[in-house]
file start-v3.cif (mmCIF, C-alpha atoms)
data_model
#
loop_
_atom_site.group_PDB
_atom_site.id
_atom_site.type_symbol
_atom_site.label_atom_id
_atom_site.label_comp_id
_atom_site.auth_asym_id
_atom_site.auth_seq_id
_atom_site.Cartn_x
_atom_site.Cartn_y
_atom_site.Cartn_z
ATOM 1 C CA MET A 23 8.810 -2.420 20.068
ATOM 2 C CA LEU A 24 8.401 -4.220 16.740
ATOM 3 C CA LYS A 25 9.031 -7.946 16.583
ATOM 4 C CA PRO A 26 11.816 -9.156 14.271
ATOM 5 C CA TYR A 27 9.947 -12.224 12.970
ATOM 6 C CA LEU A 28 7.182 -14.739 13.565
ATOM 7 C CA ASN A 29 9.161 -17.829 12.504
ATOM 8 C CA PRO A 30 12.840 -17.443 13.414
ATOM 9 C CA ASP A 31 13.863 -20.561 11.486
ATOM 10 C CA LYS A 32 12.346 -19.489 8.141
ATOM 11 C CA ILE A 33 13.039 -16.890 5.455
ATOM 12 C CA GLU A 34 10.154 -14.551 6.119
ATOM 13 C CA ALA A 35 8.842 -11.764 3.895
ATOM 14 C CA GLY A 36 6.647 -9.012 5.267
ATOM 15 C CA CYS A 37 3.963 -7.666 2.895
ATOM 16 C CA ASP A 38 1.814 -4.548 2.989
ATOM 17 C CA GLU A 39 -0.088 -2.304 0.595
ATOM 18 C CA ALA A 40 -0.834 1.398 0.215
ATOM 19 C CA GLY A 41 -3.689 3.200 -1.478
ATOM 20 C CA ARG A 42 -6.696 0.968 -0.850
ATOM 21 C CA GLY A 43 -8.945 3.835 0.155
ATOM 22 C CA CYS A 44 -7.958 6.194 -2.657
ATOM 23 C CA LEU A 45 -10.236 7.387 -5.442
ATOM 24 C CA ALA A 46 -7.409 7.595 -7.976
ATOM 25 C CA GLY A 47 -4.169 5.870 -8.837
ATOM 26 C CA PRO A 48 -2.927 2.309 -8.482
ATOM 27 C CA VAL A 49 -2.659 0.288 -5.318
ATOM 28 C CA PHE A 50 0.993 -0.368 -4.465
ATOM 29 C CA ALA A 51 2.365 -3.183 -2.319
ATOM 30 C CA ALA A 52 5.812 -4.166 -1.126
ATOM 31 C CA ALA A 53 7.475 -7.323 0.121
ATOM 32 C CA VAL A 54 10.579 -7.141 2.310
ATOM 33 C CA ILE A 55 12.937 -9.785 3.672
ATOM 34 C CA LEU A 56 15.093 -8.311 6.423
ATOM 35 C CA PRO A 57 18.437 -9.849 7.381
ATOM 36 C CA GLU A 58 18.953 -11.593 10.694
ATOM 37 C CA GLY A 59 19.810 -9.095 13.397
ATOM 38 C CA PHE A 60 18.358 -6.111 11.567
ATOM 39 C CA SER A 61 17.508 -3.241 13.868
ATOM 40 C CA ASN A 62 16.450 0.378 13.445
ATOM 41 C CA GLU A 63 14.990 2.501 16.239
ATOM 42 C CA LEU A 64 13.011 4.669 13.826
ATOM 43 C CA LEU A 65 11.293 1.798 11.996
ATOM 44 C CA ASN A 66 7.540 1.820 12.563
ATOM 45 C CA ASP A 67 4.184 1.641 10.818
ATOM 46 C CA SER A 68 4.441 4.151 7.931
ATOM 47 C CA LYS A 69 1.286 5.954 9.127
ATOM 48 C CA LYS A 70 3.054 6.858 12.374
ATOM 49 C CA LEU A 71 6.038 8.438 10.620
ATOM 50 C CA THR A 72 6.571 11.810 8.994
ATOM 51 C CA GLU A 73 7.155 11.976 5.260
ATOM 52 C CA ALA A 74 10.842 12.788 5.848
ATOM 53 C CA GLN A 75 11.204 9.787 8.174
ATOM 54 C CA ARG A 76 9.593 7.466 5.619
ATOM 55 C CA TYR A 77 11.981 8.479 2.865
ATOM 56 C CA LYS A 78 14.968 8.258 5.198
ATOM 57 C CA LEU A 79 13.927 4.739 6.189
ATOM 58 C CA ARG A 80 13.325 3.747 2.566
ATOM 59 C CA GLU A 81 17.010 4.332 1.883
ATOM 60 C CA VAL A 82 17.948 2.171 4.883
ATOM 61 C CA ILE A 83 15.550 -0.635 3.902
ATOM 62 C CA GLU A 84 16.687 -0.725 0.285
ATOM 63 C CA ARG A 85 20.323 -0.749 1.348
ATOM 64 C CA GLU A 86 20.110 -3.294 4.170
ATOM 65 C CA ALA A 87 17.243 -5.644 3.294
ATOM 66 C CA ALA A 88 18.148 -9.129 2.104
ATOM 67 C CA ALA A 89 15.517 -8.618 -0.607
ATOM 68 C CA TRP A 90 12.734 -6.163 -1.410
ATOM 69 C CA ALA A 91 10.301 -5.516 -4.239
ATOM 70 C CA VAL A 92 7.262 -3.410 -5.115
ATOM 71 C CA GLY A 93 4.116 -4.578 -6.905
ATOM 72 C CA ILE A 94 1.499 -2.410 -8.625
ATOM 73 C CA VAL A 95 -2.128 -2.945 -9.681
ATOM 74 C CA THR A 96 -3.584 -0.197 -11.861
ATOM 75 C CA ALA A 97 -6.835 1.686 -11.382
ATOM 76 C CA GLU A 98 -8.226 -0.093 -14.450
ATOM 77 C CA GLU A 99 -7.391 -3.483 -12.932
ATOM 78 C CA ILE A 100 -8.929 -2.409 -9.615
ATOM 79 C CA ASP A 101 -12.184 -1.649 -11.431
ATOM 80 C CA GLU A 102 -12.072 -5.090 -13.069
ATOM 81 C CA ILE A 103 -11.373 -7.237 -10.012
ATOM 82 C CA ASN A 104 -12.260 -5.010 -6.969
ATOM 83 C CA ILE A 105 -9.945 -3.365 -4.461
ATOM 84 C CA LEU A 106 -9.572 -6.324 -2.088
ATOM 85 C CA ARG A 107 -8.429 -8.662 -4.861
ATOM 86 C CA ALA A 108 -6.258 -5.898 -6.268
ATOM 87 C CA SER A 109 -4.509 -5.378 -2.917
ATOM 88 C CA ILE A 110 -3.783 -9.096 -2.649
ATOM 89 C CA LEU A 111 -2.599 -9.217 -6.267
ATOM 90 C CA ALA A 112 -0.237 -6.282 -5.682
ATOM 91 C CA MET A 113 1.340 -8.135 -2.746
ATOM 92 C CA LYS A 114 1.726 -11.270 -4.851
ATOM 93 C CA ARG A 115 3.362 -9.250 -7.620
ATOM 94 C CA ALA A 116 5.818 -7.865 -5.083
ATOM 95 C CA VAL A 117 6.642 -11.335 -3.712
ATOM 96 C CA GLU A 118 7.110 -12.656 -7.240
ATOM 97 C CA GLN A 119 9.881 -10.107 -7.851
ATOM 98 C CA LEU A 120 11.908 -10.923 -4.734
ATOM 99 C CA LYS A 121 15.399 -12.159 -5.545
ATOM 100 C CA ILE A 122 15.132 -14.579 -2.602
ATOM 101 C CA THR A 123 12.197 -16.982 -2.394
ATOM 102 C CA PRO A 124 10.548 -16.632 1.012
ATOM 103 C CA GLU A 125 9.542 -19.662 3.069
ATOM 104 C CA HIS A 126 6.781 -17.782 4.865
ATOM 105 C CA LEU A 127 4.765 -14.628 4.223
ATOM 106 C CA LEU A 128 3.633 -12.182 6.888
ATOM 107 C CA ILE A 129 0.622 -10.321 5.499
ATOM 108 C CA ASP A 130 -0.729 -7.083 6.947
ATOM 109 C CA GLY A 131 -4.491 -7.309 7.462
ATOM 110 C CA ASN A 132 -6.863 -10.250 7.688
ATOM 111 C CA ARG A 133 -7.269 -11.355 4.061
ATOM 112 C CA PHE A 134 -4.990 -13.154 1.625
ATOM 113 C CA THR A 135 -5.163 -16.087 -0.788
ATOM 114 C CA PRO A 136 -2.571 -18.846 -1.299
ATOM 115 C CA TYR A 137 0.467 -18.021 -3.388
ATOM 116 C CA LYS A 138 2.712 -20.741 -4.855
ATOM 117 C CA ASN A 139 2.207 -22.979 -1.814
ATOM 118 C CA ILE A 140 4.136 -20.547 0.395
ATOM 119 C CA PRO A 141 2.683 -20.643 3.933
ATOM 120 C CA TYR A 142 1.365 -17.305 5.133
ATOM 121 C CA THR A 143 0.017 -15.625 8.252
ATOM 122 C CA THR A 144 -2.293 -12.616 8.214
ATOM 123 C CA VAL A 145 -1.741 -10.101 10.998
ATOM 124 C CA VAL A 146 -4.190 -7.304 11.795
ATOM 125 C CA LYS A 147 -2.131 -4.151 12.392
ATOM 126 C CA GLY A 148 0.900 -6.129 11.283
ATOM 127 C CA ASP A 149 2.688 -2.933 10.240
ATOM 128 C CA ALA A 150 2.730 -1.958 13.925
ATOM 129 C CA THR A 151 3.765 -5.468 15.019
ATOM 130 C CA TYR A 152 6.510 -6.868 12.769
ATOM 131 C CA MET A 153 9.577 -5.122 11.382
ATOM 132 C CA SER A 154 9.328 -6.693 7.930
ATOM 133 C CA ILE A 155 5.695 -5.588 7.487
ATOM 134 C CA ALA A 156 6.540 -2.083 8.733
ATOM 135 C CA ALA A 157 9.376 -1.949 6.200
ATOM 136 C CA ALA A 158 6.999 -3.072 3.456
ATOM 137 C CA SER A 159 4.467 -0.415 4.489
ATOM 138 C CA ILE A 160 7.129 2.275 4.111
ATOM 139 C CA LEU A 161 8.170 1.146 0.635
ATOM 140 C CA ALA A 162 4.581 0.790 -0.572
ATOM 141 C CA LYS A 163 3.623 4.211 0.784
ATOM 142 C CA THR A 164 6.635 6.132 -0.537
ATOM 143 C CA TYR A 165 6.598 4.562 -3.991
ATOM 144 C CA ARG A 166 2.887 5.251 -4.317
ATOM 145 C CA ASP A 167 3.378 8.835 -3.155
ATOM 146 C CA ASP A 168 6.114 9.265 -5.784
ATOM 147 C CA TYR A 169 3.746 8.008 -8.467
ATOM 148 C CA MET A 170 0.919 10.323 -7.403
ATOM 149 C CA GLN A 171 3.276 13.306 -7.320
ATOM 150 C CA LYS A 172 4.294 12.503 -10.881
ATOM 151 C CA ILE A 173 0.776 12.236 -12.336
ATOM 152 C CA ALA A 174 -0.308 15.300 -10.321
ATOM 153 C CA GLU A 175 1.747 17.406 -12.723
ATOM 154 C CA GLU A 176 -0.549 16.337 -15.563
ATOM 155 C CA TYR A 177 -3.752 16.832 -13.544
ATOM 156 C CA PRO A 178 -3.064 19.682 -11.086
ATOM 157 C CA ALA A 179 -6.750 20.460 -10.420
ATOM 158 C CA TYR A 180 -7.216 17.333 -8.296
ATOM 159 C CA ASP A 181 -4.580 18.290 -5.674
ATOM 160 C CA TRP A 182 -2.925 14.863 -5.804
ATOM 161 C CA LYS A 183 0.345 16.414 -4.638
ATOM 162 C CA ASN A 184 -1.305 16.843 -1.255
ATOM 163 C CA ASN A 185 -4.094 14.247 -1.055
ATOM 164 C CA LYS A 186 -2.295 11.457 -2.977
ATOM 165 C CA GLY A 187 -5.648 10.376 -4.406
ATOM 166 C CA TYR A 188 -7.516 10.055 -1.110
ATOM 167 C CA PRO A 189 -11.118 11.341 -0.915
ATOM 168 C CA THR A 190 -10.613 14.853 0.457
ATOM 169 C CA ALA A 191 -13.239 17.542 -0.032
ATOM 170 C CA LYS A 192 -11.003 19.351 -2.531
ATOM 171 C CA HIS A 193 -10.439 16.159 -4.522
ATOM 172 C CA ARG A 194 -14.149 15.390 -4.712
ATOM 173 C CA ALA A 195 -14.973 18.993 -5.634
ATOM 174 C CA ALA A 196 -12.475 18.787 -8.500
ATOM 175 C CA ILE A 197 -14.112 15.596 -9.771
ATOM 176 C CA LYS A 198 -17.524 17.295 -9.702
ATOM 177 C CA ALA A 199 -16.138 20.312 -11.559
ATOM 178 C CA ASN A 200 -13.881 18.578 -14.082
ATOM 179 C CA GLY A 201 -15.043 14.981 -14.258
ATOM 180 C CA ALA A 202 -12.947 11.866 -13.746
ATOM 181 C CA THR A 203 -9.500 11.250 -15.239
ATOM 182 C CA PRO A 204 -8.107 8.000 -16.680
ATOM 183 C CA HIS A 205 -6.444 7.510 -13.277
ATOM 184 C CA HIS A 206 -9.701 7.468 -11.307
ATOM 185 C CA ARG A 207 -11.278 4.238 -10.072
ATOM 186 C CA MET A 208 -14.640 4.324 -11.782
ATOM 187 C CA THR A 209 -16.189 1.679 -9.514
ATOM 188 C CA PHE A 210 -15.588 3.922 -6.481
ATOM 189 C CA ASN A 211 -18.001 6.544 -5.159
ATOM 190 C CA LEU A 212 -15.975 9.428 -6.602
ATOM 191 C CA THR A 213 -18.108 12.397 -5.553
ATOM 192 C CA GLY A 214 -19.621 11.038 -2.358
ATOM 193 C CA GLU A 215 -23.091 11.993 -3.570
ATOM 194 C CA THR A 216 -24.458 8.438 -3.527
ATOM 195 C CA GLN A 217 -23.825 8.214 0.196
ATOM 196 C CA GLN A 218 -25.343 11.665 0.792
ATOM 197 C CA LEU A 219 -28.486 10.746 -1.146
ATOM 198 C CA ALA A 220 -28.831 7.547 0.843
ATOM 199 C CA LEU A 221 -28.596 9.495 4.078
ATOM 200 C CA GLN A 222 -31.225 11.958 2.914
ATOM 201 C CA PHE A 223 -33.510 9.087 1.960
ATOM 202 C CA ASP A 224 -33.035 7.482 5.376
ATOM 203 C CA GLU A 225 -34.066 10.706 7.053
#

call {"tool": "encode", "arguments": {"input": "start-v3.cif", "output": "structure tokens"}}
result
Amino acid sequence: MLKPYLNPDKIEAGCDEAGRGCLAGPVFAAAVILPEGFSNELLNDSKKLTEAQRYKLREVIEREAAAWAVGIVTAEEIDEINILRASILAMKRAVEQLKITPEHLLIDGNRFTPYKNIPYTTVVKGDATYMSIAAASILAKTYRDDYMQKIAEEYPAYDWKNNKGYPTAKHRAAIKANGATPHHRMTFNLTGETQQLALQFDE
């Protein structure tokens, strides 16, 4: 059972990101402020839901949340600042767009940096602990999936419709065969060969 809040006397925004481990595409993050008394039996960590359930819940969250927003950091920016900083920046961009200023931030994971003097708490597996973080995980995931589906039409060889940019064997094989696209994160190990060579050397 997900918890409704950490601080019942404060306006609390849950924050989560999607796409950290991908080889291509932006990292997306969302921030969600749920109203007092919000309840939904289906709400859970986005990874534990089916695609249909995520999109059904997105409609509920967008309709019933007191405030919600999505932040994006591009692949080019990820290469410039690294994926950890990019994930934090995406969350901050989401918070910045909220129509209500939160008094406390609930951050999924164990890393964050101060934002506009708003107190925050990091929560490992927060998307499976707090409703607002779970809601944010669903928005971040579905909006990122929508984006990857869109750019997949331009680059069908990479199978983004199915892998959403994650490092599947088919995705890596397409990179080896066709090279990288402008959407790929060039600082990432795109083909996996570096790791394989290291293993061979160790042997």

call {"tool": "resolve_selection", "arguments": {"input": "start-v3.cif", "expression": "the PyMOL selection byres ((chain A and resi 171) around 12)", "output": "list in words"}}
result
Gly47, Thr164, Tyr165, Arg166, Asp167, Asp168, Tyr169, Met170, Lys172, Ile173, Ala174, Glu175, Glu176, Tyr177, Pro178, Tyr180, Asp181, Trp182, Lys183, Asn184, Asn185, Lys186 and Gly187 of chain A

call {"tool": "closest_residue", "arguments": {"input": "start-v3.cif", "among": "A:Phe210, A:Tyr142, A:Tyr27, A:Trp90", "to": "Glu58 (chain A)", "atoms": "only C-alpha atoms"}}
result
A:Tyr27

call {"tool": "atom_distance", "arguments": {"input": "start-v3.cif", "atom1": "CA of Asn211 (chain A)", "atom2": "CA of Arg133 (chain A)"}}
result
22.8 Å

call {"tool": "atom_distance", "arguments": {"input": "start-v3.cif", "atom1": "CA of Lys138 (chain A)", "atom2": "CA of Glu125 (chain A)"}}
result
10.5 Å

call {"tool": "closest_residue", "arguments": {"input": "start-v3.cif", "among": "A:Ile197, A:Ala157, A:Ala112, A:Leu56", "to": "Glu39 (chain A)", "atoms": "all atoms listed in the file"}}
result
A:Ala112

call {"tool": "closest_residue", "arguments": {"input": "start-v3.cif", "among": "A:Leu128, A:Ala179, A:Val49, A:Ile83", "to": "Arg115 (chain A)", "atoms": "all atoms listed in the file"}}
result
A:Val49

call {"tool": "atom_distance", "arguments": {"input": "start-v3.cif", "atom1": "CA of Lys32 (chain A)", "atom2": "CA of Tyr152 (chain A)"}}
result
14.7 Å

call {"tool": "residues_around", "arguments": {"input": "start-v3.cif", "residues": "Arg42 (chain A)", "least_positions_apart": "5", "cutoff": "9 Å", "atoms": "all atoms listed in the file", "output": "VMD selection string"}}
result
chain A and resid 48 to 50 105 to 106 108 to 109

call {"tool": "closest_residue", "arguments": {"input": "start-v3.cif", "among": "A:Gly93, A:Pro30, A:Pro57, A:Gly41", "to": "Arg207 (chain A)", "atoms": "only C-alpha atoms"}}
result
A:Gly41

call {"tool": "residues_around", "arguments": {"input": "start-v3.cif", "residues": "Gln75 (chain A)", "least_positions_apart": "4", "cutoff": "9 Å", "atoms": "only C-alpha atoms", "output": "list in words"}}
result
Leu64, Leu65, Ser68, Leu71, Leu79 and Arg80 of chain A

call {"tool": "axis_aligned_box", "arguments": {"input": "start-v3.cif", "around": "region 126-131 of chain A", "padding_each_side": "6 Å", "output": "lines of an AutoDock Vina configuration file"}}
result
center_x = 1.1
center_y = -12.4
center_z = 5.8
size_x = 23.3
size_y = 22.7
size_z = 15.2

call {"tool": "residues_near_point", "arguments": {"input": "start-v3.cif", "point": "(3.8, -6.7, 10.0)", "cutoff": "12 Å", "atoms": "all atoms listed in the file", "output": "PyMOL selection string"}}
result
chain A and resi 24-28+34-39+52-56+65-68+127-132+142-160

call {"tool": "closest_residue", "arguments": {"input": "start-v3.cif", "among": "A:Ala46, A:Met208, A:Met23, A:Ile140", "to": "Glu102 (chain A)", "atoms": "only C-alpha atoms"}}
result
A:Met208

call {"tool": "decode", "arguments": {"input": "start-v3.cif", "residues": "region 109-134 of chain A", "atoms": "C-alpha atoms", "output": "PDB file, in the first residue's frame"}}
result
ATOM      1  CA  SER A 109      18.250  13.282 -14.317  1.00  0.00           C
ATOM      2  CA  ILE A 110      18.354  15.819 -11.493  1.00  0.00           C
ATOM      3  CA  LEU A 111      18.032  18.707 -13.956  1.00  0.00           C
ATOM      4  CA  ALA A 112      14.992  17.087 -15.591  1.00  0.00           C
ATOM      5  CA  MET A 113      13.289  16.846 -12.188  1.00  0.00           C
ATOM      6  CA  LYS A 114      14.091  20.484 -11.459  1.00  0.00           C
ATOM      7  CA  ARG A 115      12.669  21.507 -14.828  1.00  0.00           C
ATOM      8  CA  ALA A 116       9.476  19.641 -13.985  1.00  0.00           C
ATOM      9  CA  VAL A 117       9.194  21.300 -10.555  1.00  0.00           C
ATOM     10  CA  GLU A 118       9.807  24.707 -12.115  1.00  0.00           C
ATOM     11  CA  GLN A 119       6.724  24.279 -14.319  1.00  0.00           C
ATOM     12  CA  LEU A 120       4.318  23.362 -11.515  1.00  0.00           C
ATOM     13  CA  LYS A 121       1.460  25.830 -11.180  1.00  0.00           C
ATOM     14  CA  ILE A 122       1.636  25.386  -7.390  1.00  0.00           C
ATOM     15  CA  THR A 123       4.928  25.936  -5.576  1.00  0.00           C
ATOM     16  CA  PRO A 124       5.683  22.893  -3.429  1.00  0.00           C
ATOM     17  CA  GLU A 125       6.891  23.222   0.156  1.00  0.00           C
ATOM     18  CA  HIS A 126       8.698  19.889   0.071  1.00  0.00           C
ATOM     19  CA  LEU A 127      10.029  17.577  -2.632  1.00  0.00           C
ATOM     20  CA  LEU A 128       9.974  13.790  -2.487  1.00  0.00           C
ATOM     21  CA  ILE A 129      12.704  12.535  -4.816  1.00  0.00           C
ATOM     22  CA  ASP A 130      12.936   8.968  -6.092  1.00  0.00           C
ATOM     23  CA  GLY A 131      16.450   7.594  -5.606  1.00  0.00           C
ATOM     24  CA  ASN A 132      19.327   8.670  -3.394  1.00  0.00           C
ATOM     25  CA  ARG A 133      20.743  11.724  -5.185  1.00  0.00           C
ATOM     26  CA  PHE A 134      19.512  15.283  -5.614  1.00  0.00           C
TER      27      PHE A 134
END
